[in-house]
>>> print(open('final_36.cif').read())   # mmCIF, C-alpha atoms, pLDDT in the B column; chains and numbers go by the auth columns
data_data
loop_
_atom_site.group_PDB
_atom_site.id
_atom_site.type_symbol
_atom_site.label_atom_id
_atom_site.label_comp_id
_atom_site.label_asym_id
_atom_site.label_seq_id
_atom_site.Cartn_x
_atom_site.Cartn_y
_atom_site.Cartn_z
_atom_site.B_iso_or_equiv
_atom_site.auth_seq_id
_atom_site.auth_asym_id
ATOM 1 C CA MET A 1 112.590 103.022 66.759 41.00 16 A
ATOM 2 C CA LYS A 2 109.886 101.853 69.144 42.00 17 A
ATOM 3 C CA LEU A 3 111.146 98.307 68.772 42.00 18 A
ATOM 4 C CA VAL A 4 114.712 99.333 69.687 43.00 19 A
ATOM 5 C CA VAL A 5 113.555 101.299 72.722 42.00 20 A
ATOM 6 C CA SER A 6 111.408 98.393 73.832 41.00 21 A
ATOM 7 C CA LEU A 7 114.376 96.021 73.513 42.00 22 A
ATOM 8 C CA LEU A 8 116.657 98.242 75.588 43.00 23 A
ATOM 9 C CA VAL A 9 114.091 98.633 78.341 43.00 24 A
ATOM 10 C CA ALA A 10 113.362 94.905 78.350 47.00 25 A
ATOM 11 C CA GLN A 11 117.056 94.120 78.641 65.00 26 A
ATOM 12 C CA TRP A 12 117.585 96.493 81.635 76.00 27 A
ATOM 13 C CA LEU A 13 120.474 98.234 79.879 80.00 28 A
ATOM 14 C CA ASN A 14 119.710 101.497 81.664 81.00 29 A
ATOM 15 C CA TYR A 15 118.465 100.510 85.107 84.00 30 A
ATOM 16 C CA PRO A 16 119.935 101.976 88.327 86.00 31 A
ATOM 17 C CA SER A 17 122.076 99.419 90.134 87.00 32 A
ATOM 18 C CA ALA A 18 121.442 98.978 93.848 87.00 33 A
ATOM 19 C CA GLY A 19 124.305 99.578 96.252 88.00 34 A
ATOM 20 C CA ILE A 20 126.250 101.880 93.913 92.00 35 A
ATOM 21 C CA PRO A 21 127.762 104.974 95.595 93.00 36 A
ATOM 22 C CA ARG A 22 126.715 108.120 93.768 95.00 37 A
ATOM 23 C CA THR A 23 127.818 111.700 93.340 95.00 38 A
ATOM 24 C CA ALA A 24 125.582 114.648 94.172 95.00 39 A
ATOM 25 C CA ASP A 25 124.079 114.607 90.681 93.00 40 A
ATOM 26 C CA GLY A 26 123.140 110.930 90.996 91.00 41 A
ATOM 27 C CA LYS A 27 125.847 109.512 88.744 93.00 42 A
ATOM 28 C CA PRO A 28 127.819 106.398 89.835 93.00 43 A
ATOM 29 C CA ASP A 29 130.892 107.342 91.858 93.00 44 A
ATOM 30 C CA LEU A 30 133.457 104.884 90.560 95.00 45 A
ATOM 31 C CA THR A 31 136.234 106.452 92.656 95.00 46 A
ATOM 32 C CA ALA A 32 134.484 105.734 95.967 96.00 47 A
ATOM 33 C CA PRO A 33 136.255 103.340 98.354 96.00 48 A
ATOM 34 C CA ALA A 34 136.175 99.677 97.376 96.00 49 A
ATOM 35 C CA PRO A 35 134.028 97.331 99.468 95.00 50 A
ATOM 36 C CA LYS A 36 135.940 94.838 101.581 95.00 51 A
ATOM 37 C CA GLN A 37 136.618 91.497 99.878 96.00 52 A
ATOM 38 C CA SER A 38 133.961 91.840 97.216 97.00 53 A
ATOM 39 C CA LEU A 39 134.234 91.814 93.421 97.00 54 A
ATOM 40 C CA SER A 40 130.516 91.697 92.645 96.00 55 A
ATOM 41 C CA GLY A 41 129.348 93.621 89.617 96.00 56 A
ATOM 42 C CA ILE A 42 129.641 93.853 85.843 96.00 57 A
ATOM 43 C CA TRP A 43 133.138 94.610 84.593 96.00 58 A
ATOM 44 C CA HIS A 44 134.874 95.199 81.289 94.00 59 A
ATOM 45 C CA ARG A 45 138.482 95.442 80.198 93.00 60 A
ATOM 46 C CA VAL A 46 139.938 98.923 79.745 91.00 61 A
ATOM 47 C CA PRO A 47 141.998 99.125 76.524 83.00 62 A
ATOM 48 C CA PRO A 48 145.606 100.075 77.253 78.00 63 A
ATOM 49 C CA PRO A 49 147.019 103.097 75.389 73.00 64 A
ATOM 50 C CA GLY A 50 147.962 102.367 71.794 69.00 65 A
ATOM 51 C CA THR A 51 145.874 99.220 71.472 68.00 66 A
ATOM 52 C CA PRO A 52 144.802 98.666 67.855 63.00 67 A
ATOM 53 C CA SER A 53 141.461 97.151 67.005 58.00 68 A
ATOM 54 C CA GLY A 54 139.834 95.009 64.343 52.00 69 A
ATOM 55 C CA ALA A 55 142.135 93.209 61.948 46.00 70 A
ATOM 56 C CA ASN A 56 145.231 94.424 63.786 47.00 71 A
ATOM 57 C CA PHE A 57 144.467 91.913 66.544 52.00 72 A
ATOM 58 C CA GLY A 58 144.547 94.381 69.438 57.00 73 A
ATOM 59 C CA ASN A 59 143.348 91.708 71.855 82.00 74 A
ATOM 60 C CA THR A 60 146.831 90.278 72.163 88.00 75 A
ATOM 61 C CA VAL A 61 148.714 89.537 75.371 93.00 76 A
ATOM 62 C CA THR A 62 151.737 91.701 74.553 91.00 77 A
ATOM 63 C CA TYR A 63 149.710 94.885 75.069 90.00 78 A
ATOM 64 C CA TYR A 64 149.272 93.946 78.727 93.00 79 A
ATOM 65 C CA MET A 65 152.934 93.205 79.458 93.00 80 A
ATOM 66 C CA PRO A 66 155.645 95.633 80.640 90.00 81 A
ATOM 67 C CA ALA A 67 157.434 97.568 77.920 88.00 82 A
ATOM 68 C CA GLY A 68 160.053 95.388 76.281 89.00 83 A
ATOM 69 C CA ALA A 69 158.704 92.148 77.732 93.00 84 A
ATOM 70 C CA THR A 70 158.175 89.187 75.415 94.00 85 A
ATOM 71 C CA VAL A 71 156.277 85.926 75.661 97.00 86 A
ATOM 72 C CA PRO A 72 158.829 83.102 76.203 98.00 87 A
ATOM 73 C CA LEU A 73 157.629 80.710 73.502 98.00 88 A
ATOM 74 C CA GLN A 74 158.871 77.193 72.866 98.00 89 A
ATOM 75 C CA PRO A 75 160.042 76.881 69.202 98.00 90 A
ATOM 76 C CA TRP A 76 156.974 74.890 68.101 98.00 91 A
ATOM 77 C CA ALA A 77 154.646 77.375 69.801 98.00 92 A
ATOM 78 C CA ALA A 78 156.422 80.313 68.131 97.00 93 A
ATOM 79 C CA GLU A 79 155.990 78.646 64.746 97.00 94 A
ATOM 80 C CA LEU A 80 152.291 77.991 65.364 96.00 95 A
ATOM 81 C CA LEU A 81 151.758 81.586 66.529 95.00 96 A
ATOM 82 C CA GLN A 82 153.444 82.877 63.394 93.00 97 A
ATOM 83 C CA GLN A 83 151.170 80.715 61.245 93.00 98 A
ATOM 84 C CA ARG A 84 147.987 81.754 63.049 92.00 99 A
ATOM 85 C CA ARG A 85 148.765 85.455 63.154 87.00 100 A
ATOM 86 C CA PHE A 86 150.329 86.077 59.763 84.00 101 A
ATOM 87 C CA GLY A 87 149.651 82.985 57.666 79.00 102 A
ATOM 88 C CA MET A 88 145.994 82.651 58.611 77.00 103 A
ATOM 89 C CA LEU A 89 145.475 86.323 59.628 71.00 104 A
ATOM 90 C CA GLY A 90 143.690 85.192 62.758 73.00 105 A
ATOM 91 C CA ALA A 91 141.233 82.961 60.934 80.00 106 A
ATOM 92 C CA GLY A 92 140.196 79.753 62.646 84.00 107 A
ATOM 93 C CA ARG A 93 139.801 81.109 66.158 84.00 108 A
ATOM 94 C CA PRO A 94 137.600 78.864 68.311 86.00 109 A
ATOM 95 C CA SER A 95 135.128 81.726 68.782 82.00 110 A
ATOM 96 C CA GLU A 96 134.384 81.576 65.043 84.00 111 A
ATOM 97 C CA ARG A 97 132.765 78.225 65.800 85.00 112 A
ATOM 98 C CA CYS A 98 131.020 79.497 68.938 86.00 113 A
ATOM 99 C CA LEU A 99 133.661 77.857 71.143 88.00 114 A
ATOM 100 C CA PRO A 100 135.040 79.497 74.304 88.00 115 A
ATOM 101 C CA HIS A 101 137.907 81.972 74.467 85.00 116 A
ATOM 102 C CA GLY A 102 139.295 80.292 77.610 89.00 117 A
ATOM 103 C CA VAL A 103 140.514 81.794 80.878 93.00 118 A
ATOM 104 C CA LEU A 104 142.903 84.443 79.551 92.00 119 A
ATOM 105 C CA GLY A 105 141.336 84.968 76.149 90.00 120 A
ATOM 106 C CA SER A 106 137.911 85.768 77.622 90.00 121 A
ATOM 107 C CA MET A 107 139.337 88.754 79.549 90.00 122 A
ATOM 108 C CA LEU A 108 141.081 90.449 76.607 88.00 123 A
ATOM 109 C CA PRO A 109 138.159 91.414 74.340 85.00 124 A
ATOM 110 C CA ASN A 110 136.211 94.414 75.616 84.00 125 A
ATOM 111 C CA ILE A 111 133.263 92.245 76.558 87.00 126 A
ATOM 112 C CA PRO A 112 131.185 92.650 79.754 93.00 127 A
ATOM 113 C CA PHE A 113 131.428 89.928 82.365 95.00 128 A
ATOM 114 C CA LYS A 114 129.628 89.620 85.672 96.00 129 A
ATOM 115 C CA ILE A 115 131.050 88.379 88.974 98.00 130 A
ATOM 116 C CA VAL A 116 128.513 86.821 91.318 97.00 131 A
ATOM 117 C CA GLU A 117 129.622 85.793 94.817 97.00 132 A
ATOM 118 C CA THR A 118 127.781 83.184 96.849 96.00 133 A
ATOM 119 C CA LEU A 119 128.741 81.091 99.861 96.00 134 A
ATOM 120 C CA GLY A 120 131.493 78.737 98.732 97.00 135 A
ATOM 121 C CA LEU A 121 131.256 79.651 95.051 98.00 136 A
ATOM 122 C CA THR A 122 132.068 82.609 92.810 98.00 137 A
ATOM 123 C CA LEU A 123 130.598 82.707 89.314 98.00 138 A
ATOM 124 C CA ILE A 124 132.056 84.582 86.346 97.00 139 A
ATOM 125 C CA LEU A 125 129.393 85.082 83.676 95.00 140 A
ATOM 126 C CA THR A 126 130.627 86.284 80.277 92.00 141 A
ATOM 127 C CA GLU A 127 128.146 88.080 78.045 91.00 142 A
ATOM 128 C CA GLN A 128 129.633 86.842 74.775 85.00 143 A
ATOM 129 C CA LEU A 129 128.256 83.396 73.902 83.00 144 A
ATOM 130 C CA ALA A 130 126.579 83.252 77.344 84.00 145 A
ATOM 131 C CA GLN A 131 129.482 81.412 78.986 90.00 146 A
ATOM 132 C CA PHE A 132 130.220 80.853 82.677 93.00 147 A
ATOM 133 C CA ARG A 133 132.988 79.783 85.029 96.00 148 A
ATOM 134 C CA GLN A 134 132.664 78.253 88.494 97.00 149 A
ATOM 135 C CA VAL A 135 135.325 79.213 91.044 98.00 150 A
ATOM 136 C CA PHE A 136 134.965 77.153 94.219 98.00 151 A
ATOM 137 C CA THR A 137 135.826 78.978 97.442 98.00 152 A
ATOM 138 C CA ASP A 138 134.739 76.323 99.943 97.00 153 A
ATOM 139 C CA GLY A 139 138.275 75.142 100.721 96.00 154 A
ATOM 140 C CA ARG A 140 138.433 72.243 98.266 97.00 155 A
ATOM 141 C CA GLY A 141 141.551 71.646 96.187 96.00 156 A
ATOM 142 C CA LEU A 142 141.811 70.984 92.476 96.00 157 A
ATOM 143 C CA PRO A 143 140.512 67.496 91.602 94.00 158 A
ATOM 144 C CA PRO A 144 143.226 64.839 91.182 92.00 159 A
ATOM 145 C CA ASP A 145 141.789 63.607 87.885 91.00 160 A
ATOM 146 C CA MET A 146 140.698 66.451 85.603 95.00 161 A
ATOM 147 C CA GLN A 147 139.008 65.852 82.277 95.00 162 A
ATOM 148 C CA PRO A 148 140.460 68.577 79.993 96.00 163 A
ATOM 149 C CA ALA A 149 137.994 71.457 79.653 96.00 164 A
ATOM 150 C CA TRP A 150 137.842 74.847 77.909 95.00 165 A
ATOM 151 C CA TYR A 151 137.891 76.800 81.186 96.00 166 A
ATOM 152 C CA GLY A 152 139.580 74.130 83.259 97.00 167 A
ATOM 153 C CA TYR A 153 138.869 73.761 86.971 98.00 168 A
ATOM 154 C CA SER A 154 139.176 76.722 89.331 98.00 169 A
ATOM 155 C CA ILE A 155 139.496 77.258 93.077 98.00 170 A
ATOM 156 C CA GLY A 156 139.639 80.664 94.751 98.00 171 A
ATOM 157 C CA ARG A 157 140.638 82.321 98.006 98.00 172 A
ATOM 158 C CA TRP A 158 141.194 85.760 99.478 98.00 173 A
ATOM 159 C CA GLU A 159 144.692 86.929 100.353 98.00 174 A
ATOM 160 C CA GLY A 160 143.977 90.206 102.115 97.00 175 A
ATOM 161 C CA ASP A 161 142.316 92.428 99.502 97.00 176 A
ATOM 162 C CA VAL A 162 143.349 90.191 96.574 98.00 177 A
ATOM 163 C CA PHE A 163 141.109 87.435 95.231 98.00 178 A
ATOM 164 C CA VAL A 164 143.291 84.608 93.905 98.00 179 A
ATOM 165 C CA ILE A 165 142.082 81.979 91.426 98.00 180 A
ATOM 166 C CA ASP A 166 144.208 78.916 90.628 98.00 181 A
ATOM 167 C CA SER A 167 143.119 76.945 87.577 98.00 182 A
ATOM 168 C CA ALA A 168 144.263 73.772 85.799 98.00 183 A
ATOM 169 C CA GLY A 169 142.815 70.946 83.706 98.00 184 A
ATOM 170 C CA PHE A 170 142.598 72.867 80.422 97.00 185 A
ATOM 171 C CA ASN A 171 142.285 71.411 76.972 97.00 186 A
ATOM 172 C CA ASP A 172 144.689 72.500 74.228 96.00 187 A
ATOM 173 C CA GLN A 173 142.047 73.912 71.862 94.00 188 A
ATOM 174 C CA THR A 174 141.821 77.521 73.048 93.00 189 A
ATOM 175 C CA TRP A 175 143.739 80.530 71.801 94.00 190 A
ATOM 176 C CA LEU A 176 145.076 82.668 74.650 96.00 191 A
ATOM 177 C CA ASP A 177 144.437 85.782 72.543 93.00 192 A
ATOM 178 C CA ASP A 178 143.358 86.829 69.056 88.00 193 A
ATOM 179 C CA SER A 179 146.935 86.556 67.808 89.00 194 A
ATOM 180 C CA GLY A 180 146.852 82.817 68.458 93.00 195 A
ATOM 181 C CA HIS A 181 149.170 82.191 71.428 95.00 196 A
ATOM 182 C CA PRO A 182 148.673 78.465 72.086 96.00 197 A
ATOM 183 C CA ASN A 183 148.518 76.381 75.229 97.00 198 A
ATOM 184 C CA THR A 184 148.839 72.721 76.120 98.00 199 A
ATOM 185 C CA GLU A 185 147.014 70.560 78.636 97.00 200 A
ATOM 186 C CA ARG A 186 149.899 71.190 81.050 97.00 201 A
ATOM 187 C CA MET A 187 148.902 74.840 81.474 98.00 202 A
ATOM 188 C CA ARG A 188 148.109 76.270 84.877 98.00 203 A
ATOM 189 C CA THR A 189 147.002 79.829 85.488 98.00 204 A
ATOM 190 C CA GLN A 190 146.775 82.089 88.494 98.00 205 A
ATOM 191 C CA GLU A 191 144.508 85.137 88.427 98.00 206 A
ATOM 192 C CA ARG A 192 144.859 87.876 91.030 98.00 207 A
ATOM 193 C CA PHE A 193 142.006 90.393 91.210 98.00 208 A
ATOM 194 C CA ARG A 194 142.680 93.552 93.240 98.00 209 A
ATOM 195 C CA ARG A 195 139.964 96.183 93.497 97.00 210 A
ATOM 196 C CA VAL A 196 141.596 99.632 93.518 97.00 211 A
ATOM 197 C CA ASP A 197 138.425 101.556 94.344 97.00 212 A
ATOM 198 C CA PHE A 198 134.718 100.992 93.838 97.00 213 A
ATOM 199 C CA GLY A 199 134.808 101.124 90.073 97.00 214 A
ATOM 200 C CA HIS A 200 138.322 100.034 89.111 97.00 215 A
ATOM 201 C CA MET A 201 140.157 96.736 89.400 98.00 216 A
ATOM 202 C CA VAL A 202 143.485 95.281 88.297 97.00 217 A
ATOM 203 C CA LEU A 203 143.735 91.666 87.139 97.00 218 A
ATOM 204 C CA GLU A 204 147.133 89.978 86.947 98.00 219 A
ATOM 205 C CA VAL A 205 147.158 86.643 85.116 98.00 220 A
ATOM 206 C CA THR A 206 150.191 84.340 85.249 98.00 221 A
ATOM 207 C CA VAL A 207 150.455 81.556 82.677 98.00 222 A
ATOM 208 C CA ASP A 208 152.603 78.552 83.576 98.00 223 A
ATOM 209 C CA ASP A 209 152.656 76.101 80.682 98.00 224 A
ATOM 210 C CA PRO A 210 155.964 74.216 80.300 98.00 225 A
ATOM 211 C CA GLY A 211 154.560 72.496 77.218 98.00 226 A
ATOM 212 C CA ALA A 212 154.373 75.748 75.215 98.00 227 A
ATOM 213 C CA TYR A 213 156.570 78.277 77.065 98.00 228 A
ATOM 214 C CA THR A 214 160.072 78.247 78.504 98.00 229 A
ATOM 215 C CA LYS A 215 159.018 79.903 81.770 98.00 230 A
ATOM 216 C CA PRO A 216 155.925 81.421 83.417 98.00 231 A
ATOM 217 C CA TRP A 217 154.819 84.846 82.178 98.00 232 A
ATOM 218 C CA SER A 218 152.226 87.398 83.241 97.00 233 A
ATOM 219 C CA VAL A 219 149.896 90.078 81.931 96.00 234 A
ATOM 220 C CA THR A 220 148.184 92.908 83.820 96.00 235 A
ATOM 221 C CA ILE A 221 144.674 93.835 82.679 95.00 236 A
ATOM 222 C CA PRO A 222 142.862 96.984 83.908 95.00 237 A
ATOM 223 C CA LEU A 223 139.132 96.573 84.512 96.00 238 A
ATOM 224 C CA GLU A 224 136.304 99.052 85.051 97.00 239 A
ATOM 225 C CA LEU A 225 132.874 98.601 86.599 97.00 240 A
ATOM 226 C CA MET A 226 129.798 98.973 84.395 95.00 241 A
ATOM 227 C CA ALA A 227 127.122 100.528 86.593 93.00 242 A
ATOM 228 C CA ASP A 228 123.397 100.851 85.916 93.00 243 A
ATOM 229 C CA THR A 229 123.257 98.158 83.250 91.00 244 A
ATOM 230 C CA GLU A 230 122.901 94.389 82.918 91.00 245 A
ATOM 231 C CA LEU A 231 124.180 91.542 80.764 91.00 246 A
ATOM 232 C CA ILE A 232 122.162 90.699 77.678 87.00 247 A
ATOM 233 C CA GLU A 233 121.753 87.390 75.911 84.00 248 A
ATOM 234 C CA ASP A 234 124.306 86.646 73.197 81.00 249 A
ATOM 235 C CA VAL A 235 124.348 83.413 71.252 78.00 250 A
ATOM 236 C CA CYS A 236 125.754 82.721 67.820 76.00 251 A
ATOM 237 C CA ASP A 237 122.465 83.151 65.950 61.00 252 A
ATOM 238 C CA ASN A 238 121.307 86.129 68.032 46.00 253 A
ATOM 239 C CA GLU A 239 124.358 88.398 68.278 46.00 254 A
ATOM 240 C CA LYS A 240 123.349 91.627 70.001 47.00 255 A
ATOM 241 C CA ASP A 241 126.164 92.328 72.426 46.00 256 A
ATOM 242 C CA ALA A 242 128.514 94.107 69.962 51.00 257 A
ATOM 243 C CA PRO A 243 126.958 97.567 70.469 51.00 258 A
ATOM 244 C CA HIS A 244 126.475 97.081 74.230 51.00 259 A
ATOM 245 C CA ASN A 245 127.248 100.537 75.588 46.00 260 A
ATOM 246 C CA GLY A 246 129.610 101.105 72.657 49.00 261 A
ATOM 247 C CA LEU A 247 132.240 98.776 74.083 46.00 262 A
ATOM 248 C CA LYS A 248 133.425 97.211 70.794 43.00 263 A
#
>>> encode(input="final_36.cif", output="structure tokens")
Amino acid sequence: MKLVVSLLVAQWLNYPSAGIPRTADGKPDLTAPAPKQSLSGIWHRVPPPGTPSGANFGNTVTYYMPAGATVPLQPWAAELLQQRRFGMLGAGRPSERCLPHGVLGSMLPNIPFKIVETLGLTLILTEQLAQFRQVFTDGRGLPPDMQPAWYGYSIGRWEGDVFVIDSAGFNDQTWLDDSGHPNTERMRTQERFRRVDFGHMVLEVTVDDPGAYTKPWSVTIPLELMADTELIEDVCDNEKDAPHNGLK
């Protein structure tokens, strides 16, 4: 028991966060007004009602789409999805080999991620597998020649109270969710982060991949701030993030 307590203290899992509005009893006030044009903090996805877990592949894009909406798959992509989801039962996901989830797939599991804002650059640090994304906000455009990458290349800007990230230059190795929705190197994504109040945010992700889908499609992911905690190290041979605040 002493070892566990020592680990938690060393990892700052229960340390008061600076700059957090608080109620009279000292608890974080997540319903306080949102700061202007700032997303800084540790966030996690809020499961939508009715989301299954475990082997039912609850981390699938359809749970974040309007009722009755479907993903407009090309025939080959529909066949591959069917094989991955029902033939392979989700086996073979890149994360099984310690490879990244990718832009959309990294937001669907209930895994903490941290947004860090600096001058000209916003960083998104994902606790699982200790991964990171760079979002350049210094006015540059996407590079003309992009070597395909797991997270692609990202540029960001503010549109009023919405932070917009445009990304391209992906490889075709990621799964967009645990069900196995595929993508090609032609994929582009746009992420729109809108902070509702201090502790709640809505992320809308639009996928435009004419190689795998017949038209662009979108998901809406609710996010909640994790106050008074910190990310912990997670690598494939040292997996400790599963019980982090009971998120999984």
>>> residues_around(input="final_36.cif", residues="Gly135 in chain A", least_positions_apart="2", cutoff="9 Å", atoms="only C-alpha atoms", output="count of residues only")
8
>>> residues_around(input="final_36.cif", residues="range 207-221 of chain A", least_positions_apart="4", cutoff="7 Å", atoms="all atoms listed in the file", output="VMD selection string")
chain A and resid 45 to 50 176 to 180 231 to 240
>>> write_last_selection(input="final_36.cif", atoms="C-alpha atoms", output="PDB file, keeping the file's coordinate frame")
ATOM      1  CA  LEU A  45     133.457 104.884  90.560  1.00 95.00           C
ATOM      2  CA  THR A  46     136.234 106.452  92.656  1.00 95.00           C
ATOM      3  CA  ALA A  47     134.484 105.734  95.967  1.00 96.00           C
ATOM      4  CA  PRO A  48     136.255 103.340  98.354  1.00 96.00           C
ATOM      5  CA  ALA A  49     136.175  99.677  97.376  1.00 96.00           C
ATOM      6  CA  PRO A  50     134.028  97.331  99.468  1.00 95.00           C
ATOM      7  CA  ASP A 176     142.316  92.428  99.502  1.00 97.00           C
ATOM      8  CA  VAL A 177     143.349  90.191  96.574  1.00 98.00           C
ATOM      9  CA  PHE A 178     141.109  87.435  95.231  1.00 98.00           C
ATOM     10  CA  VAL A 179     143.291  84.608  93.905  1.00 98.00           C
ATOM     11  CA  ILE A 180     142.082  81.979  91.426  1.00 98.00           C
ATOM     12  CA  PRO A 231     155.925  81.421  83.417  1.00 98.00           C
ATOM     13  CA  TRP A 232     154.819  84.846  82.178  1.00 98.00           C
ATOM     14  CA  SER A 233     152.226  87.398  83.241  1.00 97.00           C
ATOM     15  CA  VAL A 234     149.896  90.078  81.931  1.00 96.00           C
ATOM     16  CA  THR A 235     148.184  92.908  83.820  1.00 96.00           C
ATOM     17  CA  ILE A 236     144.674  93.835  82.679  1.00 95.00           C
ATOM     18  CA  PRO A 237     142.862  96.984  83.908  1.00 95.00           C
ATOM     19  CA  LEU A 238     139.132  96.573  84.512  1.00 96.00           C
ATOM     20  CA  GLU A 239     136.304  99.052  85.051  1.00 97.00           C
ATOM     21  CA  LEU A 240     132.874  98.601  86.599  1.00 97.00           C
TER      22      LEU A 240
END
>>> axis_aligned_box(input="final_36.cif", around="range 182-195 of chain A", padding_each_side="6 Å", output="lines of an AutoDock Vina configuration file")
center_x = 144.4
center_y = 78.9
center_z = 77.7
size_x = 17.1
size_y = 27.9
size_z = 31.8
>>> atom_distance(input="final_36.cif", atom1="CA of Ala164 in chain A", atom2="CA of Ala93 in chain A")
23.5 Å
>>> resolve_selection(input="final_36.cif", expression="the PyMOL selection byres ((chain A and resi 139) around 9)", output="PyMOL selection string")
chain A and resi 128-132+137-138+140-141+146-150
>>> closest_residue(input="final_36.cif", among="A:Gly195, A:Thr204, A:Ala33, A:Pro43", to="Asp223 in chain A", atoms="all atoms listed in the file")
A:Thr204
>>> closest_residue(input="final_36.cif", among="A:Ile126, A:Leu119, A:Leu88, A:Ile170", to="Val76 in chain A", atoms="all atoms listed in the file")
A:Leu119
>>> resolve_selection(input="final_36.cif", expression="the PyMOL selection byres ((chain A and resi 96) around 8)", output="PyMOL selection string")
chain A and resi 92-95+97-100+194-197
>>> atom_distance(input="final_36.cif", atom1="CA of Gln188 in chain A", atom2="CA of Leu246 in chain A")
26.6 Å
>>> closest_residue(input="final_36.cif", among="A:Leu114, A:Ile247, A:Ile35, A:Met80", to="Thr189 in chain A", atoms="only C-alpha atoms")
A:Leu114
>>> closest_residue(input="final_36.cif", among="A:Ala183, A:Asp192, A:Leu144, A:Glu174", to="Gly156 in chain A", atoms="only C-alpha atoms")
A:Ala183
>>> resolve_selection(input="final_36.cif", expression="the PyMOL selection byres ((chain A and resi 244) around 8)", output="list of chain:residue names")
A:Trp27, A:Leu28, A:Asn29, A:Tyr30, A:Pro31, A:Ser32, A:Met241, A:Ala242, A:Asp243, A:Glu245, A:Leu246
>>> closest_residue(input="final_36.cif", among="A:Thr75, A:Lys51, A:Trp91, A:Glu142", to="Val250 in chain A", atoms="all atoms listed in the file")
A:Glu142
>>> atom_distance(input="final_36.cif", atom1="CA of Phe101 in chain A", atom2="CA of Pro87 in chain A")
18.7 Å
>>> residues_around(input="final_36.cif", residues="Phe185 in chain A", least_positions_apart="6", cutoff="6 Å", atoms="all atoms listed in the file", output="VMD selection string")
chain A and resid 163 to 165 167 200
>>> closest_residue(input="final_36.cif", among="A:Met202, A:Trp190, A:Gln52, A:Thr229", to="Gly107 in chain A", atoms="only C-alpha atoms")
A:Trp190
